[in-house]
file structure.cif (mmCIF, C-alpha atoms and all ligand atoms)
data_upload
loop_
_atom_site.label_atom_id
_atom_site.label_comp_id
_atom_site.auth_asym_id
_atom_site.auth_seq_id
_atom_site.Cartn_x
_atom_site.Cartn_y
_atom_site.Cartn_z
CA MET A 19 5.52 -40.27 25.53
CA GLU A 20 7.29 -39.12 28.67
CA ALA A 21 10.17 -37.15 27.20
CA LEU A 22 11.98 -36.15 24.03
CA SER A 23 15.61 -37.09 23.46
CA ILE A 24 18.21 -34.53 22.36
CA GLU A 25 17.78 -35.52 18.70
CA GLN A 26 14.00 -35.35 18.97
CA THR A 27 14.14 -31.95 20.66
CA GLN A 28 16.41 -30.74 17.86
CA ALA A 29 13.98 -32.09 15.25
CA MET A 30 11.04 -30.53 17.09
CA ILE A 31 12.65 -27.07 17.05
CA ILE A 32 13.38 -27.35 13.33
CA TYR A 33 9.84 -28.56 12.62
CA THR A 34 8.39 -25.73 14.71
CA ALA A 35 10.49 -23.04 13.02
CA GLY A 36 9.43 -24.46 9.64
CA LYS A 37 5.76 -24.26 10.59
CA ILE A 38 6.15 -20.58 11.54
CA LEU A 39 7.67 -19.94 8.10
CA GLU A 40 4.50 -21.44 6.59
CA GLN A 41 2.36 -19.05 8.68
CA ALA A 42 4.43 -15.94 7.96
CA ASP A 43 1.98 -14.39 5.49
CA GLU A 44 -0.92 -14.84 7.87
CA LEU A 45 1.09 -13.41 10.79
CA GLY A 46 2.00 -10.39 8.68
CA ALA A 47 -1.64 -9.87 7.69
CA ILE A 48 -2.72 -9.99 11.34
CA ASP A 49 -0.04 -7.47 12.33
CA ARG A 50 -0.99 -5.23 9.38
CA LYS A 51 -4.52 -4.71 10.75
CA ILE A 52 -3.41 -3.00 13.95
CA GLY A 53 0.40 -2.88 13.77
CA ASP A 54 3.00 -2.27 11.09
CA GLY A 55 2.71 -5.61 9.31
CA ASP A 56 6.24 -6.81 9.90
CA HIS A 57 5.58 -9.60 12.38
CA GLY A 58 5.56 -12.39 9.79
CA ILE A 59 8.80 -11.12 8.27
CA GLY A 60 10.44 -10.79 11.68
CA MET A 61 9.42 -14.28 12.78
CA SER A 62 10.60 -15.70 9.45
CA ILE A 63 14.03 -14.15 9.84
CA GLY A 64 14.32 -15.58 13.36
CA CYS A 65 13.03 -19.00 12.39
CA ARG A 66 15.28 -19.30 9.33
CA GLU A 67 18.22 -18.56 11.63
CA ILE A 68 17.03 -21.22 14.10
CA ILE A 69 16.93 -23.82 11.33
CA LYS A 70 20.34 -22.75 10.05
CA ILE A 71 22.01 -22.98 13.47
CA VAL A 72 20.29 -26.02 14.93
CA LYS A 73 20.18 -28.23 11.84
CA ASN A 74 23.76 -29.39 11.59
CA LYS A 75 24.96 -29.12 15.15
CA LYS A 76 25.67 -31.95 17.57
CA TYR A 77 24.20 -31.21 20.98
CA GLU A 78 25.11 -32.59 24.41
CA THR A 79 22.05 -31.19 26.23
CA VAL A 80 18.52 -30.11 25.31
CA SER A 81 19.21 -26.81 27.03
CA GLU A 82 21.83 -25.82 24.43
CA ILE A 83 19.30 -26.32 21.63
CA PHE A 84 16.87 -23.83 23.16
CA LYS A 85 19.69 -21.42 23.96
CA ASP A 86 20.84 -21.46 20.33
CA ALA A 87 17.27 -20.94 19.14
CA GLY A 88 16.72 -17.99 21.48
CA MET A 89 20.05 -16.33 20.73
CA GLY A 90 19.49 -16.84 17.01
CA MET A 91 16.20 -14.98 17.23
CA ILE A 92 17.59 -12.14 19.35
CA GLN A 93 20.58 -11.62 17.08
CA THR A 94 18.73 -11.64 13.77
CA MET A 95 15.20 -10.33 14.36
CA GLY A 96 16.17 -7.12 16.10
CA GLY A 97 13.68 -4.89 17.84
CA ALA A 98 11.59 -5.61 20.89
CA SER A 99 9.88 -8.68 19.52
CA GLY A 100 13.21 -10.39 18.73
CA VAL A 101 14.21 -10.08 22.37
CA LEU A 102 10.77 -11.12 23.61
CA PHE A 103 10.46 -14.20 21.38
CA GLY A 104 14.12 -15.05 21.97
CA SER A 105 13.41 -14.88 25.71
CA LEU A 106 10.81 -17.60 25.28
CA PHE A 107 13.49 -20.08 24.18
CA ILE A 108 16.14 -18.75 26.56
CA GLY A 109 13.69 -19.24 29.44
CA ILE A 110 13.19 -22.87 28.42
CA ALA A 111 16.98 -23.29 28.14
CA LYS A 112 17.39 -22.11 31.73
CA GLU A 113 15.14 -24.80 33.20
CA THR A 114 16.12 -27.76 31.08
CA SER A 115 19.25 -29.83 31.41
CA GLY A 116 20.68 -33.15 30.38
CA GLY A 117 19.50 -35.40 27.60
CA LYS A 118 15.72 -35.35 28.01
CA LEU A 119 12.89 -32.86 27.63
CA THR A 120 9.98 -33.61 29.95
CA ALA A 121 6.63 -31.84 30.24
CA ALA A 122 7.54 -30.62 33.74
CA ALA A 123 10.85 -29.11 32.55
CA LEU A 124 9.14 -27.48 29.57
CA ALA A 125 6.43 -26.04 31.83
CA SER A 126 9.03 -24.72 34.23
CA GLY A 127 11.10 -23.22 31.40
CA MET A 128 8.12 -21.55 29.79
CA GLY A 129 7.17 -20.22 33.23
CA THR A 130 10.61 -18.63 33.54
CA ALA A 131 10.15 -17.19 30.05
CA VAL A 132 6.85 -15.58 31.05
CA LYS A 133 8.56 -13.90 34.01
CA GLU A 134 11.40 -12.59 31.84
CA ILE A 135 9.10 -11.38 29.08
CA LYS A 136 7.11 -9.49 31.70
CA ILE A 137 10.25 -7.91 33.14
CA ARG A 138 11.66 -6.97 29.74
CA GLY A 139 8.43 -5.81 28.11
CA GLY A 140 6.47 -4.57 31.11
CA ALA A 141 3.20 -6.10 29.90
CA SER A 142 0.83 -8.35 31.80
CA LEU A 143 -2.11 -10.59 31.01
CA GLY A 144 -4.87 -8.72 29.16
CA ASP A 145 -2.60 -6.14 27.49
CA LYS A 146 -3.06 -7.77 24.06
CA THR A 147 0.41 -9.27 23.68
CA MET A 148 2.08 -12.65 23.24
CA LEU A 149 1.61 -13.15 27.00
CA ASP A 150 -2.13 -13.58 26.52
CA SER A 151 -1.61 -16.93 24.84
CA LEU A 152 1.70 -17.88 26.48
CA GLU A 153 0.73 -17.49 30.13
CA PRO A 154 -2.47 -19.61 29.96
CA ALA A 155 -0.59 -22.20 27.88
CA VAL A 156 2.13 -22.50 30.52
CA GLN A 157 -0.45 -22.82 33.25
CA ALA A 158 -2.25 -25.58 31.34
CA LEU A 159 1.00 -27.42 30.66
CA ARG A 160 2.06 -27.17 34.28
CA GLN A 161 -1.29 -28.36 35.56
CA ALA A 162 -1.37 -31.25 33.11
CA SER A 163 2.20 -32.28 33.93
CA GLU A 164 1.41 -32.47 37.65
CA THR A 165 -1.10 -35.27 37.17
CA ASP A 166 0.08 -36.84 33.91
CA THR A 167 3.69 -36.93 32.73
CA ASP A 168 2.68 -37.54 29.10
CA LEU A 169 4.24 -34.77 27.01
CA ASN A 170 1.67 -35.19 24.28
CA SER A 171 -1.37 -34.57 26.48
CA GLY A 172 0.42 -31.70 28.23
CA LEU A 173 1.12 -29.95 24.94
CA LEU A 174 -2.42 -30.55 23.70
CA ALA A 175 -3.73 -28.84 26.84
CA ALA A 176 -1.27 -25.99 26.30
CA GLN A 177 -2.32 -25.64 22.67
CA ALA A 178 -6.01 -25.43 23.60
CA ALA A 179 -5.27 -22.79 26.24
CA ALA A 180 -3.15 -20.77 23.81
CA GLU A 181 -5.91 -20.87 21.21
CA LYS A 182 -8.39 -19.50 23.74
CA GLY A 183 -5.83 -16.86 24.71
CA VAL A 184 -5.51 -15.67 21.10
CA GLU A 185 -9.30 -15.40 20.87
CA ALA A 186 -9.34 -13.38 24.10
CA THR A 187 -6.90 -10.81 22.69
CA LYS A 188 -9.71 -9.64 20.37
CA LYS A 189 -11.52 -8.23 23.40
CA TYR A 190 -8.64 -6.14 24.70
CA PRO A 191 -7.41 -2.69 23.68
CA ALA A 192 -3.65 -2.83 22.99
CA LYS A 193 -1.39 -1.41 25.68
CA PHE A 194 1.98 -2.31 24.14
CA GLY A 195 3.70 -2.48 20.79
CA ARG A 196 2.65 -0.39 17.81
CA ALA A 197 -1.03 -1.26 18.22
CA ARG A 198 -1.16 0.71 21.48
CA THR A 199 -1.50 3.98 19.53
CA LEU A 200 -4.87 2.69 18.27
CA GLY A 201 -6.14 2.12 21.81
CA GLU A 202 -9.84 1.16 21.73
CA ARG A 203 -9.75 0.92 17.94
CA SER A 204 -7.60 -2.20 18.30
CA VAL A 205 -10.54 -4.02 19.95
CA GLY A 206 -11.96 -6.73 17.68
CA TYR A 207 -8.58 -7.70 16.23
CA GLN A 208 -6.36 -10.51 17.45
CA ASP A 209 -2.77 -9.94 18.51
CA ALA A 210 -0.04 -11.09 16.13
CA GLY A 211 2.48 -12.14 18.78
CA ALA A 212 -0.12 -14.15 20.69
CA THR A 213 -0.96 -15.88 17.41
CA SER A 214 2.72 -16.76 16.86
CA VAL A 215 2.91 -18.29 20.33
CA TYR A 216 -0.14 -20.40 19.49
CA TYR A 217 1.47 -21.64 16.26
CA LEU A 218 4.73 -22.39 18.08
CA ILE A 219 2.94 -24.52 20.66
CA LYS A 220 0.71 -26.16 18.06
CA ALA A 221 3.78 -27.18 16.04
CA MET A 222 5.53 -28.56 19.12
CA SER A 223 2.41 -30.52 19.93
CA GLU A 224 2.16 -31.88 16.37
CA TYR A 225 5.79 -32.95 16.42
CA VAL A 226 5.39 -34.77 19.73
CA GLU A 227 2.22 -36.45 18.54
CA GLY A 228 4.02 -37.71 15.45
CA ALA A 229 7.02 -38.87 17.48
CA SER A 230 4.75 -40.75 19.90
CA LYS A 231 3.42 -43.09 17.20
P1 LIG B 1 6.99 -4.64 16.31
O1 LIG B 1 6.00 -4.36 17.41
O2 LIG B 1 8.34 -4.04 16.58
O3 LIG B 1 6.45 -4.32 14.96
P2 LIG B 1 6.45 -7.43 15.81
O4 LIG B 1 5.42 -6.98 14.86
O5 LIG B 1 7.38 -8.48 15.34
O6 LIG B 1 7.29 -6.21 16.37
O7 LIG B 1 5.77 -8.05 17.09
C1 LIG B 1 4.61 -7.51 17.63
C2 LIG B 1 4.14 -8.41 18.75
O8 LIG B 1 5.06 -8.35 19.83
C3 LIG B 1 2.83 -7.96 19.32
O9 LIG B 1 1.75 -8.52 18.59
C4 LIG B 1 2.87 -8.45 20.75
O10 LIG B 1 2.36 -9.76 20.87
C5 LIG B 1 4.36 -8.52 21.05
N1 LIG B 1 4.76 -7.44 21.94
C6 LIG B 1 5.02 -6.16 21.62
N2 LIG B 1 5.36 -5.46 22.72
C7 LIG B 1 5.34 -6.33 23.76
C8 LIG B 1 5.60 -6.23 25.16
N3 LIG B 1 5.99 -5.09 25.71
N4 LIG B 1 5.48 -7.35 25.91
C9 LIG B 1 5.10 -8.52 25.35
N5 LIG B 1 4.83 -8.67 24.04
C10 LIG B 1 4.94 -7.60 23.26
MG MG B 2 5.00 -5.31 13.89
#
call {"tool": "encode", "arguments": {"input": "structure.cif", "output": "structure tokens"}}
result
Amino acid sequence: MEALSIEQTQAMIIYTAGKILEQADELGAIDRKIGDGDHGIGMSIGCREIIKIVKNKKYETVSEIFKDAGMGMIQTMGGASGVLFGSLFIGIAKETSGGKLTAAALASGMGTAVKEIKIRGGASLGDKTMLDSLEPAVQALRQASETDTDLNSGLLAAQAAAEKGVEATKKYPAKFGRARTLGERSVGYQDAGATSVYYLIKAMSEYVEGASK
């Protein structure tokens, strides 16, 4: 499928937030190993808010849906990760417009999000953060969308790249977030935020696959 409609984008966001709620315990357990264990709780608070806001609203553009999702996260999650995960959706909101969500617009929006997350958080690739799965996923989506406009195959490529990115975080010592105090002792453990990004993209991909049938 080439693009999602407004209603489909709305349903995708709700589906995705619901999937994160299902993963909350696992995300908390991952964060507990090298962080403070609150990542699953934080993401759940943000995702419950997304569902609450987006569920019953009538939207005129896909951009507004992502803006609501991002603002909902920032306002309820608090802390650095609320802003960083909220920025992911706000970035997408900035590059999407009108009544359709295409792979190219999503790639461009996620690219903007990467830039803003880097500016706000100061981290870069290899610092054991959410960027380690997000940045390769964006690159894969962009590359795929240049040759094939199918949203489904673009998201599958992004999902595979994000999964690899999560695996790669195990090799890095943490430079940001609470895990940074562990330094080299954080090697061997995967990053919680990178894992959340993977689940977000996986859920989007699943939704689009279902909607394509
Ligand atoms: P907190 O660190 O306040 O406990 P969370 O546990 O919800 O917040 O989120 C932690 C995740 O946030 C980390 O696993 C990492 O992926 C991400 N993160 C933390 N700091 C940064 C940063 N400066 N830039 C990008 N991502 C970050
Ligand atoms: Mg934490």
call {"tool": "closest_residue", "arguments": {"input": "structure.cif", "among": "A:Ala197, A:Ala176, A:Ala192, A:Ala162", "to": "ligand MG 2 (chain B)", "atoms": "only C-alpha atoms and all ligand atoms"}}
result
A:Ala197
call {"tool": "closest_residue", "arguments": {"input": "structure.cif", "among": "A:Glu44, A:Asp168, A:Asp56, A:Glu82", "to": "ligand MG 2 (chain B)", "atoms": "all atoms listed in the file"}}
result
A:Asp56
call {"tool": "residues_near_ligand", "arguments": {"input": "structure.cif", "ligand": "ligand LIG 1 (chain B)", "cutoff": "6 Å", "atoms": "only C-alpha atoms and all ligand atoms", "output": "short mmCIF file (atom, residue, chain, number, x, y, z; two decimals) with C-alpha atoms, keeping the file's coordinate frame"}}
result
data_model
loop_
_atom_site.label_atom_id
_atom_site.label_comp_id
_atom_site.auth_asym_id
_atom_site.auth_seq_id
_atom_site.Cartn_x
_atom_site.Cartn_y
_atom_site.Cartn_z
CA ASP A 54 3.00 -2.27 11.09
CA ASP A 56 6.24 -6.81 9.90
CA HIS A 57 5.58 -9.60 12.38
CA GLY A 60 10.44 -10.79 11.68
CA GLY A 97 13.68 -4.89 17.84
CA ALA A 98 11.59 -5.61 20.89
CA SER A 99 9.88 -8.68 19.52
CA GLY A 139 8.43 -5.81 28.11
CA GLY A 140 6.47 -4.57 31.11
CA ALA A 141 3.20 -6.10 29.90
CA THR A 147 0.41 -9.27 23.68
CA MET A 148 2.08 -12.65 23.24
CA PHE A 194 1.98 -2.31 24.14
CA GLY A 195 3.70 -2.48 20.79
CA ARG A 196 2.65 -0.39 17.81
CA ASP A 209 -2.77 -9.94 18.51
CA ALA A 210 -0.04 -11.09 16.13
CA GLY A 211 2.48 -12.14 18.78
CA ALA A 212 -0.12 -14.15 20.69
#
call {"tool": "atom_distance", "arguments": {"input": "structure.cif", "atom1": "atom CA of A:Ser171", "atom2": "atom CA of A:Gly228"}}
result
12.7 Å
call {"tool": "residues_around", "arguments": {"input": "structure.cif", "residues": "A:Arg66", "least_positions_apart": "3", "cutoff": "10 Å", "atoms": "all atoms listed in the file", "output": "PDB file with C-alpha atoms, keeping the file's coordinate frame"}}
result
ATOM      1  CA  ILE A  32      13.380 -27.350  13.330  1.00  0.00           C
ATOM      2  CA  ALA A  35      10.490 -23.040  13.020  1.00  0.00           C
ATOM      3  CA  GLY A  36       9.430 -24.460   9.640  1.00  0.00           C
ATOM      4  CA  ILE A  38       6.150 -20.580  11.540  1.00  0.00           C
ATOM      5  CA  LEU A  39       7.670 -19.940   8.100  1.00  0.00           C
ATOM      6  CA  MET A  61       9.420 -14.280  12.780  1.00  0.00           C
ATOM      7  CA  SER A  62      10.600 -15.700   9.450  1.00  0.00           C
ATOM      8  CA  ILE A  63      14.030 -14.150   9.840  1.00  0.00           C
ATOM      9  CA  ILE A  69      16.930 -23.820  11.330  1.00  0.00           C
ATOM     10  CA  LYS A  70      20.340 -22.750  10.050  1.00  0.00           C
ATOM     11  CA  ILE A  71      22.010 -22.980  13.470  1.00  0.00           C
ATOM     12  CA  GLY A  90      19.490 -16.840  17.010  1.00  0.00           C
ATOM     13  CA  MET A  91      16.200 -14.980  17.230  1.00  0.00           C
ATOM     14  CA  THR A  94      18.730 -11.640  13.770  1.00  0.00           C
TER      15      THR A  94
END
call {"tool": "closest_residue", "arguments": {"input": "structure.cif", "among": "A:Val72, A:Gly96, A:Ile137, A:Gly88", "to": "ligand MG 2 (chain B)", "atoms": "only C-alpha atoms and all ligand atoms"}}
result
A:Gly96
call {"tool": "closest_residue", "arguments": {"input": "structure.cif", "among": "A:Glu113, A:Asp145, A:Glu67, A:Asp49", "to": "ligand MG 2 (chain B)", "atoms": "only C-alpha atoms and all ligand atoms"}}
result
A:Asp49
call {"tool": "closest_residue", "arguments": {"input": "structure.cif", "among": "A:Ala221, A:Leu159, A:Ile31, A:Met95", "to": "ligand MG 2 (chain B)", "atoms": "all atoms listed in the file"}}
result
A:Met95
call {"tool": "closest_residue", "arguments": {"input": "structure.cif", "among": "A:Pro154, A:Gly64, A:Gly100, A:Gly109", "to": "ligand MG 2 (chain B)", "atoms": "all atoms listed in the file"}}
result
A:Gly100
call {"tool": "atom_distance", "arguments": {"input": "structure.cif", "atom1": "atom CA of A:Leu152", "atom2": "atom CA of A:Gly116"}}
result
24.7 Å
call {"tool": "atom_distance", "arguments": {"input": "structure.cif", "atom1": "atom CA of A:Val80", "atom2": "atom CA of A:Ala175"}}
result
22.3 Å
call {"tool": "residues_around", "arguments": {"input": "structure.cif", "residues": "A:Gly172", "least_positions_apart": "6", "cutoff": "10 Å", "atoms": "only C-alpha atoms", "output": "PDB file with C-alpha atoms, in the coordinates of the input"}}
result
ATOM      1  CA  THR A 120       9.980 -33.610  29.950  1.00  0.00           C
ATOM      2  CA  ALA A 121       6.630 -31.840  30.240  1.00  0.00           C
ATOM      3  CA  ALA A 122       7.540 -30.620  33.740  1.00  0.00           C
ATOM      4  CA  LEU A 124       9.140 -27.480  29.570  1.00  0.00           C
ATOM      5  CA  ALA A 125       6.430 -26.040  31.830  1.00  0.00           C
ATOM      6  CA  ALA A 155      -0.590 -22.200  27.880  1.00  0.00           C
ATOM      7  CA  VAL A 156       2.130 -22.500  30.520  1.00  0.00           C
ATOM      8  CA  ALA A 158      -2.250 -25.580  31.340  1.00  0.00           C
ATOM      9  CA  LEU A 159       1.000 -27.420  30.660  1.00  0.00           C
ATOM     10  CA  ARG A 160       2.060 -27.170  34.280  1.00  0.00           C
ATOM     11  CA  GLN A 161      -1.290 -28.360  35.560  1.00  0.00           C
ATOM     12  CA  ALA A 162      -1.370 -31.250  33.110  1.00  0.00           C
ATOM     13  CA  SER A 163       2.200 -32.280  33.930  1.00  0.00           C
ATOM     14  CA  GLU A 164       1.410 -32.470  37.650  1.00  0.00           C
ATOM     15  CA  THR A 165      -1.100 -35.270  37.170  1.00  0.00           C
ATOM     16  CA  ASP A 166       0.080 -36.840  33.910  1.00  0.00           C
ATOM     17  CA  SER A 223       2.410 -30.520  19.930  1.00  0.00           C
TER      18      SER A 223
END
call {"tool": "residues_around", "arguments": {"input": "structure.cif", "residues": "A:Glu153", "least_positions_apart": "5", "cutoff": "8 Å", "atoms": "all atoms listed in the file", "output": "PyMOL selection string"}}
result
chain A and resi 129+132+143
call {"tool": "axis_aligned_box", "arguments": {"input": "structure.cif", "around": "stretch 132-139 of chain A", "padding_each_side": "4 Å", "output": "AutoDock Vina command-line options"}}
result
--center_x 9.3 --center_y -10.7 --center_z 31.1 --size_x 12.8 --size_y 17.8 --size_z 13.9
call {"tool": "residues_near_point", "arguments": {"input": "structure.cif", "point": "(16.3, -20.1, 27.2)", "cutoff": "10 Å", "atoms": "all atoms listed in the file", "output": "ChimeraX atom specification"}}
result
/A:81-89,104-114,127-128,130-131
call {"tool": "residues_near_point", "arguments": {"input": "structure.cif", "point": "(0.2, -23.5, 11.0)", "cutoff": "6 Å", "atoms": "all atoms listed in the file", "output": "PyMOL selection string"}}
result
chain A and resi 37+41+217
call {"tool": "decode", "arguments": {"input": "structure.cif", "residues": "stretch 182-200 of chain A", "atoms": "N, CA, C and O atoms", "output": "PDB file, in the first residue's frame"}}
result
ATOM      1  N   LYS A 182      18.413  -4.677  14.505  1.00  0.00           N
ATOM      2  CA  LYS A 182      19.884  -4.755  14.504  1.00  0.00           C
ATOM      3  C   LYS A 182      20.476  -3.696  15.418  1.00  0.00           C
ATOM      4  O   LYS A 182      21.468  -3.916  16.112  1.00  0.00           O
ATOM      5  N   GLY A 183      19.865  -2.496  15.367  1.00  0.00           N
ATOM      6  CA  GLY A 183      20.342  -1.384  16.185  1.00  0.00           C
ATOM      7  C   GLY A 183      20.228  -1.680  17.674  1.00  0.00           C
ATOM      8  O   GLY A 183      21.124  -1.350  18.453  1.00  0.00           O
ATOM      9  N   VAL A 184      19.137  -2.322  18.076  1.00  0.00           N
ATOM     10  CA  VAL A 184      18.963  -2.703  19.481  1.00  0.00           C
ATOM     11  C   VAL A 184      20.072  -3.675  19.872  1.00  0.00           C
ATOM     12  O   VAL A 184      20.712  -3.525  20.923  1.00  0.00           O
ATOM     13  N   GLU A 185      20.308  -4.664  19.020  1.00  0.00           N
ATOM     14  CA  GLU A 185      21.358  -5.658  19.279  1.00  0.00           C
ATOM     15  C   GLU A 185      22.718  -4.962  19.441  1.00  0.00           C
ATOM     16  O   GLU A 185      23.499  -5.306  20.334  1.00  0.00           O
ATOM     17  N   ALA A 186      22.957  -3.965  18.607  1.00  0.00           N
ATOM     18  CA  ALA A 186      24.242  -3.256  18.647  1.00  0.00           C
ATOM     19  C   ALA A 186      24.435  -2.494  19.953  1.00  0.00           C
ATOM     20  O   ALA A 186      25.571  -2.324  20.408  1.00  0.00           O
ATOM     21  N   THR A 187      23.337  -2.051  20.580  1.00  0.00           N
ATOM     22  CA  THR A 187      23.499  -1.287  21.834  1.00  0.00           C
ATOM     23  C   THR A 187      24.172  -2.124  22.915  1.00  0.00           C
ATOM     24  O   THR A 187      24.760  -1.573  23.843  1.00  0.00           O
ATOM     25  N   LYS A 188      24.078  -3.449  22.807  1.00  0.00           N
ATOM     26  CA  LYS A 188      24.723  -4.321  23.813  1.00  0.00           C
ATOM     27  C   LYS A 188      26.241  -4.119  23.836  1.00  0.00           C
ATOM     28  O   LYS A 188      26.883  -4.330  24.856  1.00  0.00           O
ATOM     29  N   LYS A 189      26.784  -3.734  22.693  1.00  0.00           N
ATOM     30  CA  LYS A 189      28.255  -3.593  22.594  1.00  0.00           C
ATOM     31  C   LYS A 189      28.768  -2.282  23.177  1.00  0.00           C
ATOM     32  O   LYS A 189      29.962  -2.147  23.429  1.00  0.00           O
ATOM     33  N   TYR A 190      27.886  -1.309  23.333  1.00  0.00           N
ATOM     34  CA  TYR A 190      28.359   0.033  23.704  1.00  0.00           C
ATOM     35  C   TYR A 190      28.285   0.297  25.209  1.00  0.00           C
ATOM     36  O   TYR A 190      27.311  -0.094  25.852  1.00  0.00           O
ATOM     37  N   PRO A 191      29.256   1.034  25.746  1.00  0.00           N
ATOM     38  CA  PRO A 191      29.078   1.569  27.102  1.00  0.00           C
ATOM     39  C   PRO A 191      28.133   2.767  27.022  1.00  0.00           C
ATOM     40  O   PRO A 191      28.170   3.512  26.049  1.00  0.00           O
ATOM     41  N   ALA A 192      27.287   2.944  28.040  1.00  0.00           N
ATOM     42  CA  ALA A 192      26.307   4.039  28.001  1.00  0.00           C
ATOM     43  C   ALA A 192      26.991   5.380  28.235  1.00  0.00           C
ATOM     44  O   ALA A 192      27.857   5.507  29.105  1.00  0.00           O
ATOM     45  N   LYS A 193      26.570   6.363  27.449  1.00  0.00           N
ATOM     46  CA  LYS A 193      27.128   7.714  27.609  1.00  0.00           C
ATOM     47  C   LYS A 193      26.068   8.697  28.105  1.00  0.00           C
ATOM     48  O   LYS A 193      26.389   9.811  28.478  1.00  0.00           O
ATOM     49  N   PHE A 194      24.806   8.266  28.063  1.00  0.00           N
ATOM     50  CA  PHE A 194      23.709   9.173  28.450  1.00  0.00           C
ATOM     51  C   PHE A 194      22.720   8.434  29.338  1.00  0.00           C
ATOM     52  O   PHE A 194      22.781   7.219  29.472  1.00  0.00           O
ATOM     53  N   GLY A 195      21.814   9.213  29.920  1.00  0.00           N
ATOM     54  CA  GLY A 195      20.798   8.609  30.781  1.00  0.00           C
ATOM     55  C   GLY A 195      21.443   8.065  32.048  1.00  0.00           C
ATOM     56  O   GLY A 195      22.635   8.252  32.298  1.00  0.00           O
ATOM     57  N   ARG A 196      20.614   7.360  32.836  1.00  0.00           N
ATOM     58  CA  ARG A 196      21.124   6.875  34.127  1.00  0.00           C
ATOM     59  C   ARG A 196      22.194   5.815  33.988  1.00  0.00           C
ATOM     60  O   ARG A 196      23.044   5.651  34.866  1.00  0.00           O
ATOM     61  N   ALA A 197      22.155   5.072  32.885  1.00  0.00           N
ATOM     62  CA  ALA A 197      23.117   3.983  32.682  1.00  0.00           C
ATOM     63  C   ALA A 197      24.542   4.495  32.519  1.00  0.00           C
ATOM     64  O   ALA A 197      25.494   3.730  32.677  1.00  0.00           O
ATOM     65  N   ARG A 198      24.700   5.787  32.225  1.00  0.00           N
ATOM     66  CA  ARG A 198      26.046   6.312  31.971  1.00  0.00           C
ATOM     67  C   ARG A 198      26.941   6.174  33.205  1.00  0.00           C
ATOM     68  O   ARG A 198      28.157   6.033  33.101  1.00  0.00           O
ATOM     69  N   THR A 199      26.342   6.198  34.393  1.00  0.00           N
ATOM     70  CA  THR A 199      27.155   6.084  35.621  1.00  0.00           C
ATOM     71  C   THR A 199      27.811   4.702  35.714  1.00  0.00           C
ATOM     72  O   THR A 199      28.796   4.540  36.412  1.00  0.00           O
ATOM     73  N   LEU A 200      27.264   3.714  35.002  1.00  0.00           N
ATOM     74  CA  LEU A 200      27.843   2.366  35.013  1.00  0.00           C
ATOM     75  C   LEU A 200      29.014   2.249  34.037  1.00  0.00           C
ATOM     76  O   LEU A 200      29.831   1.339  34.164  1.00  0.00           O
TER      77      LEU A 200
END
